[in-house]
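Participant: Structure: my_file-v3.tsv, TSV, C-alpha atoms.
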chain	number	residue	atom	x	y	z
S	1	MET	CA	-17.66	-52.18	12.07
S	2	LYS	CA	-13.94	-52.13	12.84
S	3	ASN	CA	-13.13	-50.92	9.30
S	4	MET	CA	-15.69	-48.16	9.56
S	5	TYR	CA	-14.21	-47.02	12.88
S	6	ARG	CA	-10.69	-47.10	11.38
S	7	THR	CA	-11.83	-45.11	8.33
S	8	LEU	CA	-13.51	-42.54	10.56
S	9	MET	CA	-10.35	-42.15	12.67
S	10	ILE	CA	-8.18	-41.71	9.55
S	11	ALA	CA	-10.61	-39.08	8.25
S	12	VAL	CA	-10.52	-37.21	11.59
S	13	VAL	CA	-6.71	-37.30	11.70
S	14	ALA	CA	-6.53	-36.15	8.07
S	15	LEU	CA	-8.92	-33.26	8.71
S	16	LEU	CA	-7.37	-32.26	12.05
S	17	PRO	CA	-4.85	-29.77	10.54
S	18	PHE	CA	-7.68	-28.02	8.69
S	19	LEU	CA	-9.74	-27.78	11.86
S	20	THR	CA	-6.94	-26.53	14.13
S	21	GLY	CA	-5.86	-23.48	12.11
S	22	CYS	CA	-2.63	-24.98	10.78
S	23	THR	CA	-3.39	-23.93	7.23
S	24	LYS	CA	-3.17	-20.46	5.79
S	25	SER	CA	-4.25	-19.30	2.35
S	26	VAL	CA	-3.44	-16.42	0.06
S	27	ASP	CA	-6.05	-15.10	-2.36
S	28	PRO	CA	-5.41	-14.30	-6.05
S	29	GLY	CA	-3.86	-10.88	-6.58
S	30	ASN	CA	-2.02	-11.08	-3.25
S	31	VAL	CA	1.17	-12.47	-1.80
S	32	GLY	CA	1.58	-13.62	1.76
S	33	VAL	CA	4.31	-12.67	4.17
S	34	ILE	CA	5.00	-15.54	6.54
S	35	VAL	CA	5.69	-14.41	10.11
S	36	GLU	CA	6.98	-17.31	12.18
S	37	LYS	CA	6.41	-17.16	15.93
S	38	PRO	CA	7.47	-20.50	17.39
S	39	TYR	CA	6.17	-21.33	20.87
S	40	ILE	CA	9.24	-23.26	22.00
S	41	PHE	CA	11.87	-24.28	19.45
S	42	GLY	CA	13.34	-22.40	16.50
S	43	SER	CA	13.75	-18.79	15.67
S	44	GLY	CA	10.92	-16.54	14.68
S	45	GLY	CA	10.71	-13.70	12.25
S	46	VAL	CA	9.74	-12.87	8.70
S	47	ASN	CA	10.38	-15.60	6.15
S	48	PRO	CA	12.23	-13.96	3.20
S	49	THR	CA	10.27	-16.01	0.64
S	50	PRO	CA	6.73	-14.75	-0.02
S	51	MET	CA	3.84	-17.20	-0.01
S	52	GLN	CA	2.15	-17.40	-3.39
S	53	VAL	CA	-1.56	-17.93	-4.08
S	54	GLY	CA	-2.97	-21.08	-2.50
S	55	ARG	CA	-3.08	-22.91	0.81
S	56	SER	CA	-0.12	-24.12	2.88
S	57	PHE	CA	0.41	-25.85	6.21
S	58	PHE	CA	2.14	-24.03	9.06
S	59	ALA	CA	2.63	-24.26	12.79
S	60	PRO	CA	-0.37	-22.85	14.68
S	61	SER	CA	1.76	-19.92	15.90
S	62	THR	CA	2.64	-18.77	12.36
S	63	ASP	CA	0.82	-15.80	10.83
S	64	VAL	CA	0.45	-14.92	7.16
S	65	VAL	CA	-0.01	-11.22	6.35
S	66	GLU	CA	-1.47	-10.62	2.89
S	67	TYR	CA	-0.34	-7.77	0.65
S	68	SER	CA	-2.11	-6.89	-2.57
S	69	ILE	CA	0.23	-6.78	-5.56
S	70	GLN	CA	-2.44	-5.16	-7.72
S	71	PRO	CA	-2.24	-1.42	-8.36
S	72	ARG	CA	-3.51	0.53	-5.37
S	73	ARG	CA	-4.92	4.04	-5.50
S	74	ILE	CA	-5.00	6.38	-2.53
S	75	ASP	CA	-6.96	9.63	-2.78
S	76	GLU	CA	-5.93	12.68	-0.81
S	77	LYS	CA	-8.27	15.65	-0.38
S	78	PHE	CA	-6.88	19.18	-0.13
S	79	THR	CA	-9.27	21.83	1.18
S	80	ASN	CA	-8.61	25.57	1.40
S	81	LEU	CA	-4.99	25.23	0.35
S	82	ILE	CA	-3.39	28.68	0.02
S	83	THR	CA	-1.94	29.56	-3.38
S	84	LYS	CA	0.78	32.05	-4.37
S	85	GLN	CA	-1.80	34.88	-4.25
S	86	ASN	CA	-3.07	33.88	-0.78
S	87	VAL	CA	-6.34	32.62	-2.28
S	88	PRO	CA	-7.54	29.24	-1.02
S	89	VAL	CA	-8.27	26.40	-3.45
S	90	SER	CA	-9.59	22.88	-3.03
S	91	PHE	CA	-8.83	19.79	-5.08
S	92	ASP	CA	-8.16	16.08	-4.93
S	93	ALA	CA	-4.94	14.30	-5.83
S	94	TYR	CA	-4.18	10.64	-5.91
S	95	ILE	CA	-1.19	8.37	-5.96
S	96	GLN	CA	-1.24	4.99	-7.65
S	97	PHE	CA	1.39	2.36	-6.82
S	98	HIS	CA	1.91	-1.38	-6.51
S	99	ILE	CA	4.04	-3.63	-4.34
S	100	ILE	CA	6.84	-5.68	-5.86
S	101	GLY	CA	5.54	-9.15	-4.91
S	102	GLU	CA	8.91	-10.89	-4.51
S	103	ARG	CA	9.99	-8.19	-2.05
S	104	ALA	CA	6.82	-8.13	0.08
S	105	PRO	CA	8.59	-9.76	3.07
S	106	GLU	CA	11.18	-6.97	2.99
S	107	LEU	CA	8.39	-4.36	2.86
S	108	HIS	CA	6.70	-5.97	5.86
S	109	GLN	CA	9.88	-6.25	7.89
S	110	LYS	CA	11.25	-2.74	7.22
S	111	PHE	CA	8.08	-0.66	6.79
S	112	GLY	CA	5.14	-2.70	8.13
S	113	PRO	CA	1.57	-3.00	6.89
S	114	GLN	CA	1.00	0.77	7.26
S	115	PHE	CA	3.89	1.60	4.92
S	116	TYR	CA	1.96	4.27	2.98
S	117	GLU	CA	0.69	6.11	6.05
S	118	ASN	CA	4.06	5.97	7.82
S	119	ASN	CA	6.40	6.69	4.89
S	120	LEU	CA	4.68	8.18	1.83
S	121	GLU	CA	1.55	10.02	2.90
S	122	GLN	CA	3.18	13.11	4.40
S	123	PRO	CA	5.89	13.51	1.71
S	124	PHE	CA	3.18	13.19	-0.98
S	125	ARG	CA	0.89	15.70	0.71
S	126	THR	CA	3.78	18.12	1.27
S	127	MET	CA	4.85	17.92	-2.39
S	128	VAL	CA	1.29	18.63	-3.55
S	129	ARG	CA	0.93	21.55	-1.11
S	130	ASP	CA	4.26	23.02	-2.26
S	131	PHE	CA	3.13	22.72	-5.87
S	132	ALA	CA	-0.13	24.59	-5.17
S	133	ARG	CA	1.64	27.31	-3.16
S	134	SER	CA	4.01	28.03	-6.02
S	135	HIS	CA	1.27	28.93	-8.53
S	136	THR	CA	-1.53	31.45	-8.83
S	137	VAL	CA	-5.22	30.53	-8.74
S	138	PHE	CA	-5.53	31.40	-12.43
S	139	GLU	CA	-2.63	29.07	-13.38
S	140	LEU	CA	-3.99	26.19	-11.31
S	141	THR	CA	-7.56	26.47	-12.58
S	142	THR	CA	-6.97	27.15	-16.27
S	143	ASP	CA	-3.55	25.92	-17.37
S	144	ALA	CA	-3.48	22.13	-17.88
S	145	LYS	CA	0.23	22.32	-18.70
S	146	ILE	CA	1.02	23.62	-15.19
S	147	THR	CA	-0.95	20.77	-13.61
S	148	SER	CA	0.73	18.21	-15.86
S	149	GLU	CA	4.19	19.57	-15.00
S	150	GLY	CA	3.29	19.46	-11.30
S	151	GLN	CA	2.19	15.83	-11.58
S	152	ASP	CA	5.47	14.94	-13.33
S	153	THR	CA	7.58	16.76	-10.73
S	154	ILE	CA	5.75	15.13	-7.81
S	155	TYR	CA	6.05	11.72	-9.52
S	156	GLN	CA	9.81	12.12	-9.98
S	157	GLU	CA	10.29	13.29	-6.38
S	158	LEU	CA	8.29	10.36	-4.99
S	159	VAL	CA	10.23	7.88	-7.15
S	160	LYS	CA	13.45	9.35	-5.70
S	161	GLN	CA	12.05	9.05	-2.17
S	162	VAL	CA	11.07	5.39	-2.71
S	163	LYS	CA	14.49	4.62	-4.20
S	164	LYS	CA	16.32	6.41	-1.37
S	165	ASP	CA	14.36	4.47	1.25
S	166	ASN	CA	14.79	1.23	-0.75
S	167	MET	CA	11.05	0.67	-0.47
S	168	PRO	CA	9.88	-2.30	-2.58
S	169	ILE	CA	7.04	-0.53	-4.36
S	170	VAL	CA	6.63	1.07	-7.78
S	171	ILE	CA	4.97	4.47	-8.13
S	172	ASP	CA	2.68	4.13	-11.16
S	173	ASN	CA	0.98	7.50	-11.40
S	174	ILE	CA	0.22	10.83	-9.73
S	175	VAL	CA	-2.93	12.73	-10.69
S	176	ILE	CA	-4.07	16.16	-9.56
S	177	GLY	CA	-7.79	16.72	-10.01
S	178	ALA	CA	-9.64	19.86	-11.01
S	179	VAL	CA	-8.66	22.83	-8.85
S	180	MET	CA	-11.59	24.85	-7.52
S	181	PRO	CA	-11.40	28.24	-5.81
S	182	PRO	CA	-13.97	29.04	-3.12
S	183	LYS	CA	-17.46	30.07	-4.27
S	184	GLU	CA	-16.82	33.64	-3.09
S	185	VAL	CA	-14.03	33.99	-5.66
S	186	LEU	CA	-16.14	32.64	-8.51
For this file, produce the structure as structure tokens.

Facilitator:
Amino acid sequence: MKNMYRTLMIAVVALLPFLTGCTKSVDPGNVGVIVEKPYIFGSGGVNPTPMQVGRSFFAPSTDVVEYSIQPRRIDEKFTNLITKQNVPVSFDAYIQFHIIGERAPELHQKFGPQFYENNLEQPFRTMVRDFARSHTVFELTTDAKITSEGQDTIYQELVKQVKKDNMPIVIDNIVIGAVMPPKEVL
């Protein structure tokens, strides 16, 4: 009976960290950014080493923020965008990028989890709008070369922006979808 009680106590003590939230895990395809927030002793902040896939033990006050290192695609919709001839067009464009896993803590500390919305969304949308405004409806709807050149220009400008801001992501691709004028024009 005494051995059974001792075994039960050892099992409870061994399982206690799992039951108190002292473990954090990172799923495949992600890296974790460890944010230490000590209650009493030590200094808090972002740990510069990212947490790899798996489970680790931490103080209960520590958070782990996961970032996907897989390619991410964000679609932007443009409706009634005015062209060079003052004719509105509508189309979709998307940006594809991925986070540099080893630098995820830097991304979290400098730009936060909303890094796209706060740093890339408006420059990307502005570049696409400027592209559409500099061409006629006919060029945008029929000339694939114009669209391809626009994608390349926007890609190069975004790569410069990311490099200038020292943002730890890689722009993989920019795609502008089919441009459609309003039904009244067709």

Participant: Would you list the residues near (8.5, -12.2, -6.7) (no more than 9 Å away, in the coordinates of the file, using all atoms listed in the file) as a list in words?

Facilitator: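 Those residues, ordered by chain and then number, are Val31, Thr49, Pro50, Gln52, Ile100, Gly101, Glu102, Arg103 and Ala104 of chain S.
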
Participant: Output as a tab-separated table one row per residue of range 81-105 of chain S within 12 Å of range 154-160 of chain S: the closest atom pair and its distance in Å to one decimal place, counting only C-alpha atoms, sorted by chain and residue number ascending.

Facilitator:
residue	atom	partner	partner_atom	distance
S:Ala93	CA	S:Ile154	CA	10.9
S:Tyr94	CA	S:Tyr155	CA	10.9
S:Ile95	CA	S:Tyr155	CA	8.7
S:Gln96	CA	S:Tyr155	CA	10.1
S:Phe97	CA	S:Val159	CA	10.4

Participant: Show which residues sit within 10 Å of range 120-132 of chain S, as an mmCIF file with C-alpha atoms, in the frame of the given file. Count only C-alpha atoms, and ignore same-chain residues fewer than 5 positions away.

Facilitator:
data_model
loop_
_atom_site.group_PDB
_atom_site.id
_atom_site.type_symbol
_atom_site.label_atom_id
_atom_site.label_comp_id
_atom_site.auth_asym_id
_atom_site.auth_seq_id
_atom_site.Cartn_x
_atom_site.Cartn_y
_atom_site.Cartn_z
ATOM 1 C CA ILE S 74 -5.000 6.380 -2.530
ATOM 2 C CA GLU S 76 -5.930 12.680 -0.810
ATOM 3 C CA LYS S 77 -8.270 15.650 -0.380
ATOM 4 C CA PHE S 78 -6.880 19.180 -0.130
ATOM 5 C CA LEU S 81 -4.990 25.230 0.350
ATOM 6 C CA ILE S 82 -3.390 28.680 0.020
ATOM 7 C CA THR S 83 -1.940 29.560 -3.380
ATOM 8 C CA LYS S 84 0.780 32.050 -4.370
ATOM 9 C CA PRO S 88 -7.540 29.240 -1.020
ATOM 10 C CA VAL S 89 -8.270 26.400 -3.450
ATOM 11 C CA SER S 90 -9.590 22.880 -3.030
ATOM 12 C CA PHE S 91 -8.830 19.790 -5.080
ATOM 13 C CA ASP S 92 -8.160 16.080 -4.930
ATOM 14 C CA ALA S 93 -4.940 14.300 -5.830
ATOM 15 C CA TYR S 94 -4.180 10.640 -5.910
ATOM 16 C CA ILE S 95 -1.190 8.370 -5.960
ATOM 17 C CA GLN S 114 1.000 0.770 7.260
ATOM 18 C CA PHE S 115 3.890 1.600 4.920
ATOM 19 C CA VAL S 137 -5.220 30.530 -8.740
ATOM 20 C CA GLU S 139 -2.630 29.070 -13.380
ATOM 21 C CA LEU S 140 -3.990 26.190 -11.310
ATOM 22 C CA ILE S 146 1.020 23.620 -15.190
ATOM 23 C CA THR S 147 -0.950 20.770 -13.610
ATOM 24 C CA GLU S 149 4.190 19.570 -15.000
ATOM 25 C CA GLY S 150 3.290 19.460 -11.300
ATOM 26 C CA GLN S 151 2.190 15.830 -11.580
ATOM 27 C CA THR S 153 7.580 16.760 -10.730
ATOM 28 C CA ILE S 154 5.750 15.130 -7.810
ATOM 29 C CA TYR S 155 6.050 11.720 -9.520
ATOM 30 C CA GLU S 157 10.290 13.290 -6.380
ATOM 31 C CA LEU S 158 8.290 10.360 -4.990
ATOM 32 C CA GLN S 161 12.050 9.050 -2.170
ATOM 33 C CA VAL S 162 11.070 5.390 -2.710
ATOM 34 C CA ILE S 174 0.220 10.830 -9.730
ATOM 35 C CA ILE S 176 -4.070 16.160 -9.560
ATOM 36 C CA VAL S 179 -8.660 22.830 -8.850
#

Participant: To one decimal place, how far is CA of His108 in chain S from CA of Val64 in chain S in Å?

Facilitator: 11.0 Å

Participant: Name the residues in contact with Tyr39 in chain S at a cut-off of 10 Å, using all atoms listed in the file, excluding same-chain residues fewer than 6 positions from it; report them as an NGL selection string.

Facilitator: :S and (59-62)

Participant: One number please: CA of Lys145 in chain S to CA of Pro181 in chain S, in Å, one decimal.

Facilitator: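 For CA of Lys145 in chain S relative to CA of Pro181 in chain S, the distance reads 18.3 Å.
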
Participant: Would you mind reading off the distance between CA of Pro182 in chain S and CA of Ser134 in chain S, one decimal, in Å?

Facilitator: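 Interatomic distance, CA of Pro182 in chain S to CA of Ser134 in chain S: 18.2 Å.
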
Participant: Measuring between all atoms listed in the file, which one of S:Ile40, S:Ile69, S:Val87, S:Cys22 shows the shortest distance to Ser56 in chain S?

Facilitator: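 Among the listed residues, S:Cys22 lies closest to Ser56 in chain S.
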
Participant: May I have the protein, DNA and RNA residues with any atom at most 9 Å from the point (-5.8, -17.6, 6.5), counting only C-alpha atoms, written as a PyMOL selection string?

Facilitator: chain S and resi 21+23-26+55+63-66

Participant: Quick one: write out the picked residues with C-alpha atoms as a PDB file, keeping the file's coordinate frame?

Facilitator:
ATOM      1  CA  GLY S  21      -5.860 -23.480  12.110  1.00  0.00           C
ATOM      2  CA  THR S  23      -3.390 -23.930   7.230  1.00  0.00           C
ATOM      3  CA  LYS S  24      -3.170 -20.460   5.790  1.00  0.00           C
ATOM      4  CA  SER S  25      -4.250 -19.300   2.350  1.00  0.00           C
ATOM      5  CA  VAL S  26      -3.440 -16.420   0.060  1.00  0.00           C
ATOM      6  CA  ARG S  55      -3.080 -22.910   0.810  1.00  0.00           C
ATOM      7  CA  ASP S  63       0.820 -15.800  10.830  1.00  0.00           C
ATOM      8  CA  VAL S  64       0.450 -14.920   7.160  1.00  0.00           C
ATOM      9  CA  VAL S  65      -0.010 -11.220   6.350  1.00  0.00           C
ATOM     10  CA  GLU S  66      -1.470 -10.620   2.890  1.00  0.00           C
TER      11      GLU S  66
END

Participant: Once you add 5 Å to each side, what are the centre and edge lengths of the axis-aligned box holding all listed atoms of range 52-64 of chain S? One decimal in Å, as JSON, if you can.

Facilitator:
{"center_x": -0.2, "center_y": -20.4, "center_z": 5.9, "size_x": 15.7, "size_y": 20.9, "size_z": 30.0}

Participant: Which is closer to Pro168 in chain S than all the others in S:Ile34, S:Met9, S:Ile99, S:Ala144, using all atoms listed in the file?

Facilitator: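 Closest to Pro168 in chain S, using all atoms listed in the file: S:Ile99.
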
Participant: Between S:Tyr116, S:Asn30, S:Asp143, S:Arg6, which residue has the minimum interatomic distance to Asp75 in chain S, considering only C-alpha atoms?

Facilitator: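 The shortest atom-to-atom distance to Asp75 in chain S comes from S:Tyr116.
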
Participant: Supply range 106-127 of chain S as a PDB file, in the coordinates of the input, with N, CA, C and O atoms built in where the input has gaps.

Facilitator:
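Wrote out37.pdb, looks like this:
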ATOM      1  N   GLU S 106      10.304  -8.095   2.648  1.00  0.00           N
ATOM      2  CA  GLU S 106      11.180  -6.970   2.990  1.00  0.00           C
ATOM      3  C   GLU S 106      10.350  -5.734   3.351  1.00  0.00           C
ATOM      4  O   GLU S 106      10.650  -5.023   4.306  1.00  0.00           O
ATOM      5  N   LEU S 107       9.289  -5.483   2.577  1.00  0.00           N
ATOM      6  CA  LEU S 107       8.390  -4.360   2.860  1.00  0.00           C
ATOM      7  C   LEU S 107       7.778  -4.525   4.253  1.00  0.00           C
ATOM      8  O   LEU S 107       7.739  -3.573   5.038  1.00  0.00           O
ATOM      9  N   HIS S 108       7.330  -5.723   4.557  1.00  0.00           N
ATOM     10  CA  HIS S 108       6.700  -5.970   5.860  1.00  0.00           C
ATOM     11  C   HIS S 108       7.692  -5.781   7.000  1.00  0.00           C
ATOM     12  O   HIS S 108       7.372  -5.160   8.012  1.00  0.00           O
ATOM     13  N   GLN S 109       8.892  -6.302   6.822  1.00  0.00           N
ATOM     14  CA  GLN S 109       9.880  -6.250   7.890  1.00  0.00           C
ATOM     15  C   GLN S 109      10.401  -4.827   8.133  1.00  0.00           C
ATOM     16  O   GLN S 109      10.544  -4.398   9.273  1.00  0.00           O
ATOM     17  N   LYS S 110      10.662  -4.075   7.064  1.00  0.00           N
ATOM     18  CA  LYS S 110      11.250  -2.740   7.220  1.00  0.00           C
ATOM     19  C   LYS S 110      10.219  -1.628   7.425  1.00  0.00           C
ATOM     20  O   LYS S 110      10.496  -0.644   8.105  1.00  0.00           O
ATOM     21  N   PHE S 111       9.033  -1.772   6.790  1.00  0.00           N
ATOM     22  CA  PHE S 111       8.080  -0.660   6.790  1.00  0.00           C
ATOM     23  C   PHE S 111       6.726  -1.000   7.400  1.00  0.00           C
ATOM     24  O   PHE S 111       5.976  -0.101   7.742  1.00  0.00           O
ATOM     25  N   GLY S 112       6.388  -2.278   7.509  1.00  0.00           N
ATOM     26  CA  GLY S 112       5.140  -2.700   8.130  1.00  0.00           C
ATOM     27  C   GLY S 112       3.932  -2.548   7.228  1.00  0.00           C
ATOM     28  O   GLY S 112       4.009  -1.994   6.135  1.00  0.00           O
ATOM     29  N   PRO S 113       2.787  -3.050   7.701  1.00  0.00           N
ATOM     30  CA  PRO S 113       1.570  -3.000   6.890  1.00  0.00           C
ATOM     31  C   PRO S 113       1.078  -1.574   6.609  1.00  0.00           C
ATOM     32  O   PRO S 113       0.397  -1.341   5.627  1.00  0.00           O
ATOM     33  N   GLN S 114       1.420  -0.623   7.449  1.00  0.00           N
ATOM     34  CA  GLN S 114       1.000   0.770   7.260  1.00  0.00           C
ATOM     35  C   GLN S 114       2.091   1.578   6.549  1.00  0.00           C
ATOM     36  O   GLN S 114       2.325   2.743   6.872  1.00  0.00           O
ATOM     37  N   PHE S 115       2.745   0.962   5.572  1.00  0.00           N
ATOM     38  CA  PHE S 115       3.890   1.600   4.920  1.00  0.00           C
ATOM     39  C   PHE S 115       3.527   2.913   4.238  1.00  0.00           C
ATOM     40  O   PHE S 115       4.302   3.850   4.255  1.00  0.00           O
ATOM     41  N   TYR S 116       2.335   3.013   3.645  1.00  0.00           N
ATOM     42  CA  TYR S 116       1.960   4.270   2.980  1.00  0.00           C
ATOM     43  C   TYR S 116       1.770   5.372   4.026  1.00  0.00           C
ATOM     44  O   TYR S 116       2.356   6.453   3.902  1.00  0.00           O
ATOM     45  N   GLU S 117       0.987   5.101   5.039  1.00  0.00           N
ATOM     46  CA  GLU S 117       0.690   6.110   6.050  1.00  0.00           C
ATOM     47  C   GLU S 117       1.945   6.562   6.787  1.00  0.00           C
ATOM     48  O   GLU S 117       2.082   7.735   7.122  1.00  0.00           O
ATOM     49  N   ASN S 118       2.872   5.647   7.031  1.00  0.00           N
ATOM     50  CA  ASN S 118       4.060   5.970   7.820  1.00  0.00           C
ATOM     51  C   ASN S 118       5.219   6.530   6.993  1.00  0.00           C
ATOM     52  O   ASN S 118       6.116   7.149   7.562  1.00  0.00           O
ATOM     53  N   ASN S 119       5.228   6.321   5.676  1.00  0.00           N
ATOM     54  CA  ASN S 119       6.400   6.690   4.890  1.00  0.00           C
ATOM     55  C   ASN S 119       6.127   7.539   3.657  1.00  0.00           C
ATOM     56  O   ASN S 119       7.019   8.254   3.216  1.00  0.00           O
ATOM     57  N   LEU S 120       4.945   7.454   3.087  1.00  0.00           N
ATOM     58  CA  LEU S 120       4.680   8.180   1.830  1.00  0.00           C
ATOM     59  C   LEU S 120       3.611   9.255   1.936  1.00  0.00           C
ATOM     60  O   LEU S 120       3.644  10.220   1.179  1.00  0.00           O
ATOM     61  N   GLU S 121       2.678   9.089   2.844  1.00  0.00           N
ATOM     62  CA  GLU S 121       1.550  10.020   2.900  1.00  0.00           C
ATOM     63  C   GLU S 121       1.989  11.469   3.102  1.00  0.00           C
ATOM     64  O   GLU S 121       1.607  12.351   2.328  1.00  0.00           O
ATOM     65  N   GLN S 122       2.788  11.727   4.128  1.00  0.00           N
ATOM     66  CA  GLN S 122       3.180  13.110   4.400  1.00  0.00           C
ATOM     67  C   GLN S 122       4.108  13.692   3.317  1.00  0.00           C
ATOM     68  O   GLN S 122       3.905  14.845   2.907  1.00  0.00           O
ATOM     69  N   PRO S 123       5.104  12.949   2.821  1.00  0.00           N
ATOM     70  CA  PRO S 123       5.890  13.510   1.710  1.00  0.00           C
ATOM     71  C   PRO S 123       5.018  13.835   0.489  1.00  0.00           C
ATOM     72  O   PRO S 123       5.183  14.885  -0.130  1.00  0.00           O
ATOM     73  N   PHE S 124       4.074  12.941   0.159  1.00  0.00           N
ATOM     74  CA  PHE S 124       3.180  13.190  -0.980  1.00  0.00           C
ATOM     75  C   PHE S 124       2.341  14.433  -0.747  1.00  0.00           C
ATOM     76  O   PHE S 124       2.272  15.322  -1.604  1.00  0.00           O
ATOM     77  N   ARG S 125       1.727  14.535   0.409  1.00  0.00           N
ATOM     78  CA  ARG S 125       0.890  15.700   0.710  1.00  0.00           C
ATOM     79  C   ARG S 125       1.713  16.989   0.713  1.00  0.00           C
ATOM     80  O   ARG S 125       1.263  18.017   0.218  1.00  0.00           O
ATOM     81  N   THR S 126       2.920  16.936   1.242  1.00  0.00           N
ATOM     82  CA  THR S 126       3.780  18.120   1.270  1.00  0.00           C
ATOM     83  C   THR S 126       4.158  18.549  -0.145  1.00  0.00           C
ATOM     84  O   THR S 126       4.144  19.743  -0.470  1.00  0.00           O
ATOM     85  N   MET S 127       4.493  17.599  -1.003  1.00  0.00           N
ATOM     86  CA  MET S 127       4.850  17.920  -2.390  1.00  0.00           C
ATOM     87  C   MET S 127       3.665  18.563  -3.122  1.00  0.00           C
ATOM     88  O   MET S 127       3.848  19.527  -3.884  1.00  0.00           O
TER      89      MET S 127
END
